[in-house]
$ cat entry-v9.cif   # mmCIF, C-alpha atoms
data_model
#
loop_
_atom_site.label_atom_id
_atom_site.label_comp_id
_atom_site.auth_asym_id
_atom_site.auth_seq_id
_atom_site.Cartn_x
_atom_site.Cartn_y
_atom_site.Cartn_z
CA MET A 893 22.36 133.54 121.53
CA ASN A 894 20.42 132.68 118.38
CA ARG A 895 18.19 135.19 116.70
CA THR A 896 14.60 134.66 115.62
CA THR A 897 13.17 136.09 112.41
CA ASP A 898 9.73 137.65 112.09
CA ILE A 899 8.51 137.58 108.46
CA ILE A 900 5.98 140.10 107.15
CA ILE A 901 4.50 139.68 103.69
CA ILE A 902 4.08 143.05 101.96
CA ASN A 903 1.29 143.15 99.40
CA SER A 904 0.33 146.81 99.86
CA VAL A 905 1.84 150.02 101.21
CA GLU A 906 -0.31 149.65 104.33
CA LYS A 907 1.49 146.42 105.24
CA ILE A 908 4.84 148.18 105.66
CA PRO A 909 5.35 148.43 109.45
CA ALA A 910 5.61 151.84 111.08
CA LEU A 911 9.00 153.11 112.20
CA ASP A 912 8.04 152.98 115.87
CA THR A 913 7.01 149.34 115.45
CA ILE A 914 10.37 148.49 113.89
CA ARG A 915 12.28 150.42 116.54
CA SER A 916 10.62 148.31 119.25
CA ILE A 917 12.06 145.00 118.05
CA PRO A 918 14.70 143.53 120.36
CA ARG A 919 18.25 142.83 119.19
CA GLU A 920 17.51 139.12 119.45
CA GLN A 921 15.01 139.37 116.60
CA THR A 922 15.32 140.27 112.94
CA LEU A 923 12.53 141.48 110.72
CA LYS A 924 12.20 140.33 107.12
CA LEU A 925 9.88 142.16 104.75
CA ILE A 926 8.99 140.10 101.69
CA PHE A 927 7.44 142.10 98.86
CA GLU A 928 4.93 140.29 96.69
CA LYS A 929 4.99 140.68 92.95
CA GLU A 930 2.46 143.50 92.72
CA VAL A 931 4.48 145.78 95.03
CA GLN A 932 8.06 144.74 94.30
CA ASN A 933 8.65 148.15 92.74
CA LEU A 934 8.36 149.63 96.26
CA ARG A 935 11.20 147.60 97.74
CA GLU A 936 14.19 149.76 96.80
CA ALA A 937 12.58 153.09 97.76
CA THR A 938 11.22 151.61 100.99
CA GLY A 939 14.63 150.23 101.90
CA GLN A 940 16.35 153.54 101.30
CA GLN A 941 13.78 155.38 103.41
CA LEU A 942 14.26 152.87 106.24
CA ARG A 943 18.03 153.32 106.09
CA THR A 944 17.59 157.06 106.39
CA ASN A 945 15.14 156.92 109.29
CA LEU A 946 16.37 153.95 111.30
CA LYS A 947 19.59 155.05 112.94
CA GLY A 948 21.23 152.24 114.87
CA PHE A 949 19.69 149.58 112.64
CA TYR A 950 21.00 147.38 109.86
CA VAL A 951 18.76 147.57 106.78
CA GLY A 952 19.74 145.09 104.09
CA ILE A 953 18.09 145.40 100.67
CA HIS A 954 18.51 142.05 98.90
CA THR A 955 19.93 142.47 95.41
CA LEU A 956 18.11 139.45 93.92
CA GLU A 957 15.24 138.46 96.18
CA PRO A 958 12.29 140.84 96.89
CA GLU A 959 13.32 141.19 100.52
CA ILE A 960 14.46 143.72 103.10
CA ARG A 961 16.14 142.48 106.27
CA ILE A 962 16.13 144.71 109.36
CA ALA A 963 18.05 144.21 112.59
CA LYS A 964 18.75 146.40 115.60
CA LEU A 965 22.47 146.95 116.13
CA ILE A 966 24.49 147.00 119.33
CA THR A 967 23.69 150.23 121.18
CA ASP A 968 25.99 152.98 122.41
CA LEU A 969 24.94 152.16 125.97
CA GLU A 970 25.83 148.47 125.57
CA ILE A 971 29.26 149.41 124.21
CA GLU A 972 29.86 152.00 126.92
CA GLU A 973 28.89 149.55 129.67
CA ASN A 974 31.33 147.01 128.19
CA GLN A 975 34.13 149.36 127.16
CA ASP A 976 36.68 147.64 129.41
CA PHE A 977 35.87 144.31 127.75
CA PHE A 978 36.29 145.67 124.22
CA GLU A 979 39.50 147.45 125.22
CA GLN A 980 40.95 144.18 126.55
CA CYS A 981 39.85 142.35 123.39
CA ALA A 982 41.72 144.94 121.31
CA LYS A 983 44.85 144.54 123.43
CA ASP A 984 44.67 140.76 123.12
CA TYR A 985 44.11 141.03 119.36
CA ARG A 986 47.25 143.13 118.99
CA ALA A 987 49.36 140.83 121.16
CA LEU A 988 48.22 137.70 119.31
CA GLY A 989 48.79 139.36 115.92
CA GLU A 990 52.37 140.23 116.86
CA GLU A 991 52.99 136.72 118.21
CA LEU A 992 51.72 135.00 115.06
CA ILE A 993 53.65 137.25 112.68
CA ASP A 994 56.83 136.58 114.68
CA MET A 995 56.16 132.83 114.51
CA LEU A 996 55.64 132.98 110.75
CA VAL A 997 58.74 135.09 110.16
CA ASP A 998 60.82 132.67 112.22
CA LYS A 999 59.42 129.53 110.59
CA LEU A 1000 59.92 130.78 107.03
CA ASP A 1001 63.20 132.54 107.89
CA LEU A 1002 61.93 135.78 106.36
CA LYS A 1003 63.81 139.04 106.09
CA LEU A 1004 60.82 141.14 107.06
CA ASN A 1005 60.46 144.62 105.62
CA LYS A 1006 59.60 146.24 108.94
CA ASP A 1007 58.57 149.50 107.32
CA PHE A 1008 56.20 147.82 104.85
CA PRO A 1009 55.48 144.16 105.78
CA LEU A 1010 53.10 143.70 102.84
CA GLU A 1011 56.06 143.76 100.46
CA THR A 1012 57.60 140.73 102.18
CA PHE A 1013 54.35 138.81 102.33
CA ASN A 1014 53.44 139.55 98.72
CA GLN A 1015 56.75 137.94 97.77
CA LEU A 1016 55.59 134.78 99.54
CA ILE A 1017 52.48 134.75 97.38
CA ARG A 1018 54.61 135.08 94.24
CA GLU A 1019 56.68 132.14 95.49
CA GLN A 1020 53.48 130.14 96.11
CA LYS A 1021 54.11 130.14 99.85
CA GLY A 1022 51.11 132.26 100.74
CA ASN A 1023 49.43 129.61 102.85
CA GLY A 1024 50.44 126.80 105.16
CA THR A 1025 50.60 125.90 108.85
CA ILE A 1026 52.58 126.96 111.90
CA GLY A 1027 51.89 124.91 114.99
CA ASP A 1028 48.12 124.69 115.44
CA TRP A 1029 47.51 127.61 113.09
CA GLU A 1030 46.66 127.64 109.40
CA TYR A 1031 47.72 130.87 107.70
CA ASN A 1032 46.66 132.46 104.44
CA ILE A 1033 48.04 135.70 103.02
CA HIS A 1034 45.45 137.70 101.11
CA GLY A 1035 44.85 141.35 100.35
CA PHE A 1036 46.18 143.56 103.14
CA HIS A 1037 45.99 140.76 105.75
CA CYS A 1038 47.31 137.40 106.79
CA SER A 1039 44.59 135.24 108.29
CA PHE A 1040 45.30 132.72 111.03
CA ASP A 1041 42.82 130.00 112.03
CA ASN A 1042 43.49 127.68 114.95
CA THR A 1043 42.69 124.10 113.96
CA LYS A 1044 41.98 123.07 117.57
CA THR A 1045 40.19 126.03 119.15
CA HIS A 1046 38.80 127.52 115.90
CA GLN A 1047 39.93 130.96 117.00
CA SER A 1048 40.46 133.23 114.02
CA ILE A 1049 42.34 136.50 113.53
CA GLU A 1050 43.27 138.65 110.55
CA VAL A 1051 46.61 140.37 111.04
CA PRO A 1052 47.10 143.60 109.04
CA LEU A 1053 50.21 144.01 106.89
CA VAL A 1054 49.97 147.68 105.87
CA PHE A 1055 50.71 149.49 109.15
CA GLY A 1056 54.43 148.84 109.53
CA GLN A 1057 55.09 147.01 112.80
CA GLU A 1058 51.59 147.82 114.10
CA PHE A 1059 49.67 144.54 113.85
CA GLY A 1060 46.65 145.55 115.92
CA ASP A 1061 44.42 147.30 113.38
CA LEU A 1062 40.80 146.46 114.19
CA ASP A 1063 38.86 145.94 110.99
CA PRO A 1064 35.22 145.92 112.20
CA TYR A 1065 34.30 142.60 110.58
CA PHE A 1066 37.50 140.77 111.53
CA PHE A 1067 37.45 142.18 115.08
CA SER A 1068 33.92 140.82 115.59
CA LEU A 1069 34.90 137.38 114.28
CA TYR A 1070 37.95 137.34 116.54
CA ILE A 1071 35.88 138.15 119.64
CA LYS A 1072 33.22 135.56 118.80
CA SER A 1073 35.79 132.82 118.09
CA THR A 1074 37.85 133.32 121.28
CA ASP A 1075 36.91 130.81 123.96
CA LYS A 1076 38.09 132.86 126.95
CA TYR A 1077 35.54 135.60 126.16
CA LYS A 1078 32.58 133.22 126.28
CA PRO A 1079 29.89 133.81 127.22
CA LEU A 1080 30.13 137.29 125.75
CA PRO A 1081 28.97 140.08 128.08
CA VAL A 1082 27.03 141.53 125.15
CA ASP A 1083 25.95 139.83 121.94
CA ILE A 1084 27.43 140.66 118.55
CA PHE A 1085 24.99 139.63 115.82
CA GLU A 1086 25.90 141.73 112.78
CA ASP A 1087 29.63 141.16 112.43
CA TYR A 1088 30.52 144.19 110.30
CA ALA A 1089 27.79 146.62 111.34
CA ASP A 1090 28.08 145.88 115.07
CA GLY A 1091 31.87 145.92 114.79
CA LEU A 1092 31.77 149.31 113.13
CA ARG A 1093 29.58 150.72 115.91
CA ILE A 1094 31.93 149.28 118.53
CA ASN A 1095 34.89 150.97 116.87
CA GLU A 1096 33.14 154.30 116.46
CA LYS A 1097 31.93 154.41 120.07
CA MET A 1098 35.30 153.29 121.45
CA LEU A 1099 36.95 156.04 119.39
CA ALA A 1100 34.53 158.56 120.88
CA LEU A 1101 35.35 157.26 124.38
CA GLY A 1102 39.08 157.66 123.71
CA LYS A 1103 39.72 153.93 124.15
CA PHE A 1104 40.60 153.48 120.47
CA GLU A 1105 42.42 155.83 118.10
CA ARG A 1106 43.05 156.25 114.38
CA ILE A 1107 46.38 155.44 112.76
CA ILE A 1108 47.75 156.04 109.28
CA SER A 1109 48.62 153.24 106.90
CA ASN A 1110 51.59 152.60 104.65
CA LEU A 1111 49.08 153.07 101.84
CA GLY A 1112 47.77 156.49 100.90
CA GLY A 1113 44.16 157.19 101.85
CA HIS A 1114 43.96 154.14 104.12
CA PHE A 1115 43.60 154.38 107.88
CA GLY A 1116 43.21 151.97 110.77
CA THR A 1117 41.84 151.74 114.31
CA VAL A 1118 43.87 150.51 117.28
CA VAL A 1119 43.61 150.43 121.05
CA SER A 1120 44.88 153.69 122.57
CA ASP A 1121 46.63 152.11 125.59
CA ARG A 1122 49.57 150.46 123.82
CA LYS A 1123 53.26 150.80 123.10
CA LYS A 1124 53.13 153.01 120.03
CA VAL A 1125 55.21 152.25 116.95
CA LYS A 1126 56.25 154.53 114.11
CA ILE A 1127 54.33 153.94 110.89
CA LYS A 1128 55.82 155.33 107.68
CA SER A 1129 53.34 156.91 105.31
CA ASN A 1130 53.28 156.08 101.61
CA LEU A 1131 55.11 159.37 100.90
CA GLU A 1132 57.86 158.48 103.37
CA LEU A 1133 58.20 155.02 101.80
CA GLU A 1134 58.42 156.52 98.30
CA LYS A 1135 61.24 158.79 99.40
CA MET A 1136 63.09 155.85 100.92
CA TYR A 1137 62.82 153.78 97.75
CA GLN A 1138 63.98 156.70 95.60
CA LYS A 1139 67.29 156.96 97.46
#

$ encode --input "entry-v9.cif" --output "structure tokens"
Amino acid sequence: MNRTTDIIIINSVEKIPALDTIRSIPREQTLKLIFEKEVQNLREATGQQLRTNLKGFYVGIHTLEPEIRIAKLITDLEIEENQDFFEQCAKDYRALGEELIDMLVDKLDLKLNKDFPLETFNQLIREQKGNGTIGDWEYNIHGFHCSFDNTKTHQSIEVPLVFGQEFGDLDPYFFSLYIKSTDKYKPLPVDIFEDYADGLRINEKMLALGKFERIISNLGGHFGTVVSDRKKVKIKSNLELEKMYQK
């Protein structure tokens, strides 16, 4: 479903809509406040106040243009009513991530560091083999992930490389893109408009429901989110890896 945008020109404090008015906008509509020259000095403070007072909303303060963009995020009730759907999406995400990593390891004949996969994949980047194709998938190794994009279905997934053999970490932004690009989920039972912000709310609510859980990373201070109903794998912490390498 496409969103509509309601634009309000702000040329005085009185033109800033009341909180109750903003809260009444549907998720299918965004609100854009455009501050005219004489009141542009109000934009930053107004945006910060809106962020404080509008829980469950995205409030974007444009860094260059005199604008504030406001959108209602997916609600706790919507997530709770569709928790089985999001749980299945997370299971599918994990299964596909494992399948694609196995395909890539086999194709490139890699000796995968199962405790710390990122080490193996960083070596590919150094050897200028960080991107290519396997079957219908284009892959690109970057940061802590390897992205896979299907050239036929346009499905996309980012597989994490910093959780040992756990390839189901659900980054909020990447999880949203995966759901929206997967044909078998369409039409979605509930719309996802703000990829990162809605994805973050989905993760947080699913954690609260016990459907998702936190996991540690191979990297210190980094954590992930995975579906709770899964075959659990051991993930070595950065301290455990350091001890291994010191031997």

$ resolve_selection --input "entry-v9.cif" --expression "the PyMOL selection byres ((chain A and resi 942) around 10)" --output "JSON, numbers by chain"
{"A": [910, 911, 914, 936, 937, 938, 939, 940, 941, 943, 944, 945, 946, 947, 949, 950, 951, 952, 960, 962]}

$ closest_residue --input "entry-v9.cif" --among "A:His1034, A:Lys1003, A:Lys1135, A:Lys1103" --to "Gln980 in chain A" --atoms "only C-alpha atoms"
A:Lys1103

$ closest_residue --input "entry-v9.cif" --among "A:Tyr1088, A:Ile926, A:Thr1025, A:Glu970" --to "Leu996 in chain A" --atoms "all atoms listed in the file"
A:Thr1025

$ resolve_selection --input "entry-v9.cif" --expression "the PyMOL selection byres ((chain A and resi 1009-1021) around 10)" --output "PyMOL selection string"
chain A and resi 993+997+1000+1002-1008+1022-1024+1032-1038+1052-1059+1110

$ closest_residue --input "entry-v9.cif" --among "A:Asp1028, A:Asp1075, A:Asp1061, A:Asp898" --to "Ile1107 in chain A" --atoms "only C-alpha atoms"
A:Asp1061

$ resolve_selection --input "entry-v9.cif" --expression "the PyMOL selection byres ((chain A and resi 1117) around 6)" --output "list of chain:residue names"
A:Asp1061, A:Leu1062, A:Glu1105, A:Arg1106, A:Gly1116, A:Val1118

$ atom_distance --input "entry-v9.cif" --atom1 "CA of Tyr1137 in chain A" --atom2 "CA of Phe1115 in chain A"
21.7 Å

$ atom_distance --input "entry-v9.cif" --atom1 "CA of Gln932 in chain A" --atom2 "CA of Pro958 in chain A"
6.3 Å

$ atom_distance --input "entry-v9.cif" --atom1 "CA of Ser1109 in chain A" --atom2 "CA of Asp968 in chain A"
27.4 Å

$ residues_around --input "entry-v9.cif" --residues "Asp1083 in chain A" --least-positions-apart "6" --cutoff "12 Å" --atoms "only C-alpha atoms" --output "list in words"
Met893, Asn894, Arg895, Pro918, Arg919, Glu920, Lys964, Leu965, Ile966, Thr967, Glu970, Ile971, Asn974, Ser1068, Ile1071, Lys1072, Tyr1077, Asp1090, Gly1091 and Ile1094 of chain A

$ closest_residue --input "entry-v9.cif" --among "A:Val1051, A:Ile899, A:Ile1108, A:Val1082" --to "Phe1067 in chain A" --atoms "only C-alpha atoms"
A:Val1051

$ closest_residue --input "entry-v9.cif" --among "A:Ser1129, A:Thr922, A:Ser1048, A:Asn1042" --to "Tyr1065 in chain A" --atoms "only C-alpha atoms"
A:Ser1048

$ residues_near_point --input "entry-v9.cif" --point "(2.2, 142.8, 95.9)" --cutoff "8 Å" --atoms "all atoms listed in the file" --output "PDB file with C-alpha atoms, in the coordinates of the input"
ATOM      1  CA  ILE A 902       4.080 143.050 101.960  1.00  0.00           C
ATOM      2  CA  ASN A 903       1.290 143.150  99.400  1.00  0.00           C
ATOM      3  CA  SER A 904       0.330 146.810  99.860  1.00  0.00           C
ATOM      4  CA  PHE A 927       7.440 142.100  98.860  1.00  0.00           C
ATOM      5  CA  GLU A 928       4.930 140.290  96.690  1.00  0.00           C
ATOM      6  CA  LYS A 929       4.990 140.680  92.950  1.00  0.00           C
ATOM      7  CA  GLU A 930       2.460 143.500  92.720  1.00  0.00           C
ATOM      8  CA  VAL A 931       4.480 145.780  95.030  1.00  0.00           C
ATOM      9  CA  GLN A 932       8.060 144.740  94.300  1.00  0.00           C
TER      10      GLN A 932
END

$ closest_residue --input "entry-v9.cif" --among "A:Ala982, A:Leu1069, A:Leu934, A:Ile901" --to "Asp1087 in chain A" --atoms "all atoms listed in the file"
A:Leu1069

$ residues_around --input "entry-v9.cif" --residues "Gly1027 in chain A" --least-positions-apart "6" --cutoff "12 Å" --atoms "all atoms listed in the file" --output "VMD selection string"
chain A and resid 992 995 to 996 999 1040 to 1044

$ build_atoms --input "entry-v9.cif" --residues "range 1086-1097 of chain A" --atoms "all heavy atoms" --output "mmCIF file, in the coordinates of the input"
data_model
loop_
_atom_site.group_PDB
_atom_site.id
_atom_site.type_symbol
_atom_site.label_atom_id
_atom_site.label_comp_id
_atom_site.auth_asym_id
_atom_site.auth_seq_id
_atom_site.Cartn_x
_atom_site.Cartn_y
_atom_site.Cartn_z
ATOM 1 N N GLU A 1086 25.543 141.267 114.124
ATOM 2 C CA GLU A 1086 25.900 141.730 112.780
ATOM 3 C C GLU A 1086 27.400 142.019 112.777
ATOM 4 O O GLU A 1086 27.840 143.070 113.255
ATOM 5 C CB GLU A 1086 25.101 142.986 112.423
ATOM 6 C CG GLU A 1086 23.602 142.817 112.481
ATOM 7 C CD GLU A 1086 23.083 141.847 111.438
ATOM 8 O OE1 GLU A 1086 23.696 141.763 110.341
ATOM 9 O OE2 GLU A 1086 22.073 141.173 111.707
ATOM 10 N N ASP A 1087 28.181 141.094 112.247
ATOM 11 C CA ASP A 1087 29.630 141.160 112.430
ATOM 12 C C ASP A 1087 30.231 142.484 111.973
ATOM 13 O O ASP A 1087 30.962 143.131 112.733
ATOM 14 C CB ASP A 1087 30.302 139.998 111.697
ATOM 15 C CG ASP A 1087 29.944 138.656 112.314
ATOM 16 O OD1 ASP A 1087 29.636 138.628 113.521
ATOM 17 O OD2 ASP A 1087 29.945 137.650 111.587
ATOM 18 N N TYR A 1088 29.923 142.919 110.762
ATOM 19 C CA TYR A 1088 30.520 144.190 110.300
ATOM 20 C C TYR A 1088 29.830 145.384 110.940
ATOM 21 O O TYR A 1088 30.491 146.273 111.483
ATOM 22 C CB TYR A 1088 30.451 144.316 108.775
ATOM 23 C CG TYR A 1088 30.990 145.659 108.321
ATOM 24 C CD1 TYR A 1088 32.363 145.889 108.261
ATOM 25 C CD2 TYR A 1088 30.127 146.719 108.010
ATOM 26 C CE1 TYR A 1088 32.871 147.129 107.887
ATOM 27 C CE2 TYR A 1088 30.625 147.952 107.643
ATOM 28 C CZ TYR A 1088 31.991 148.149 107.573
ATOM 29 O OH TYR A 1088 32.477 149.384 107.221
ATOM 30 N N ALA A 1089 28.514 145.431 110.875
ATOM 31 C CA ALA A 1089 27.790 146.620 111.340
ATOM 32 C C ALA A 1089 27.938 146.825 112.848
ATOM 33 O O ALA A 1089 28.140 147.954 113.312
ATOM 34 C CB ALA A 1089 26.313 146.527 110.953
ATOM 35 N N ASP A 1090 27.849 145.753 113.629
ATOM 36 C CA ASP A 1090 28.080 145.880 115.070
ATOM 37 C C ASP A 1090 29.529 146.244 115.353
ATOM 38 O O ASP A 1090 29.828 147.072 116.222
ATOM 39 C CB ASP A 1090 27.723 144.582 115.795
ATOM 40 C CG ASP A 1090 26.226 144.422 116.045
ATOM 41 O OD1 ASP A 1090 25.498 145.431 115.996
ATOM 42 O OD2 ASP A 1090 25.781 143.284 116.295
ATOM 43 N N GLY A 1091 30.455 145.610 114.606
ATOM 44 C CA GLY A 1091 31.870 145.920 114.790
ATOM 45 C C GLY A 1091 32.195 147.369 114.499
ATOM 46 O O GLY A 1091 33.002 147.995 115.202
ATOM 47 N N LEU A 1092 31.551 147.908 113.474
ATOM 48 C CA LEU A 1092 31.770 149.310 113.130
ATOM 49 C C LEU A 1092 31.264 150.223 114.245
ATOM 50 O O LEU A 1092 31.937 151.196 114.615
ATOM 51 C CB LEU A 1092 31.054 149.636 111.818
ATOM 52 C CG LEU A 1092 31.239 151.054 111.280
ATOM 53 C CD1 LEU A 1092 32.713 151.347 110.998
ATOM 54 C CD2 LEU A 1092 30.408 151.266 110.009
ATOM 55 N N ARG A 1093 30.108 149.907 114.810
ATOM 56 C CA ARG A 1093 29.580 150.720 115.910
ATOM 57 C C ARG A 1093 30.474 150.619 117.148
ATOM 58 O O ARG A 1093 30.674 151.610 117.851
ATOM 59 C CB ARG A 1093 28.147 150.295 116.242
ATOM 60 C CG ARG A 1093 27.123 150.784 115.217
ATOM 61 C CD ARG A 1093 25.699 150.434 115.643
ATOM 62 N NE ARG A 1093 25.312 151.104 116.866
ATOM 63 C CZ ARG A 1093 24.829 152.341 116.936
ATOM 64 N NH1 ARG A 1093 24.703 153.060 115.837
ATOM 65 N NH2 ARG A 1093 24.469 152.859 118.095
ATOM 66 N N ILE A 1094 31.006 149.442 117.405
ATOM 67 C CA ILE A 1094 31.930 149.280 118.530
ATOM 68 C C ILE A 1094 33.138 150.187 118.336
ATOM 69 O O ILE A 1094 33.542 150.926 119.243
ATOM 70 C CB ILE A 1094 32.356 147.809 118.678
ATOM 71 C CG1 ILE A 1094 31.174 146.967 119.153
ATOM 72 C CG2 ILE A 1094 33.523 147.686 119.654
ATOM 73 C CD1 ILE A 1094 31.396 145.469 119.041
ATOM 74 N N ASN A 1095 33.724 150.134 117.148
ATOM 75 C CA ASN A 1095 34.890 150.970 116.870
ATOM 76 C C ASN A 1095 34.588 152.453 117.014
ATOM 77 O O ASN A 1095 35.352 153.209 117.620
ATOM 78 C CB ASN A 1095 35.424 150.681 115.471
ATOM 79 C CG ASN A 1095 36.306 149.446 115.416
ATOM 80 O OD1 ASN A 1095 36.489 148.759 116.412
ATOM 81 N ND2 ASN A 1095 36.846 149.148 114.250
ATOM 82 N N GLU A 1096 33.473 152.879 116.438
ATOM 83 C CA GLU A 1096 33.140 154.300 116.460
ATOM 84 C C GLU A 1096 32.901 154.795 117.886
ATOM 85 O O GLU A 1096 33.345 155.890 118.258
ATOM 86 C CB GLU A 1096 31.900 154.555 115.590
ATOM 87 C CG GLU A 1096 32.187 154.399 114.096
ATOM 88 C CD GLU A 1096 30.943 154.541 113.241
ATOM 89 O OE1 GLU A 1096 29.821 154.430 113.805
ATOM 90 O OE2 GLU A 1096 31.076 154.742 112.021
ATOM 91 N N LYS A 1097 32.197 153.993 118.693
ATOM 92 C CA LYS A 1097 31.930 154.410 120.070
ATOM 93 C C LYS A 1097 33.212 154.379 120.901
ATOM 94 O O LYS A 1097 33.463 155.287 121.716
ATOM 95 C CB LYS A 1097 30.874 153.503 120.707
ATOM 96 C CG LYS A 1097 30.475 153.923 122.130
ATOM 97 C CD LYS A 1097 29.908 155.348 122.149
ATOM 98 C CE LYS A 1097 29.469 155.739 123.545
ATOM 99 N NZ LYS A 1097 28.953 157.132 123.592
#
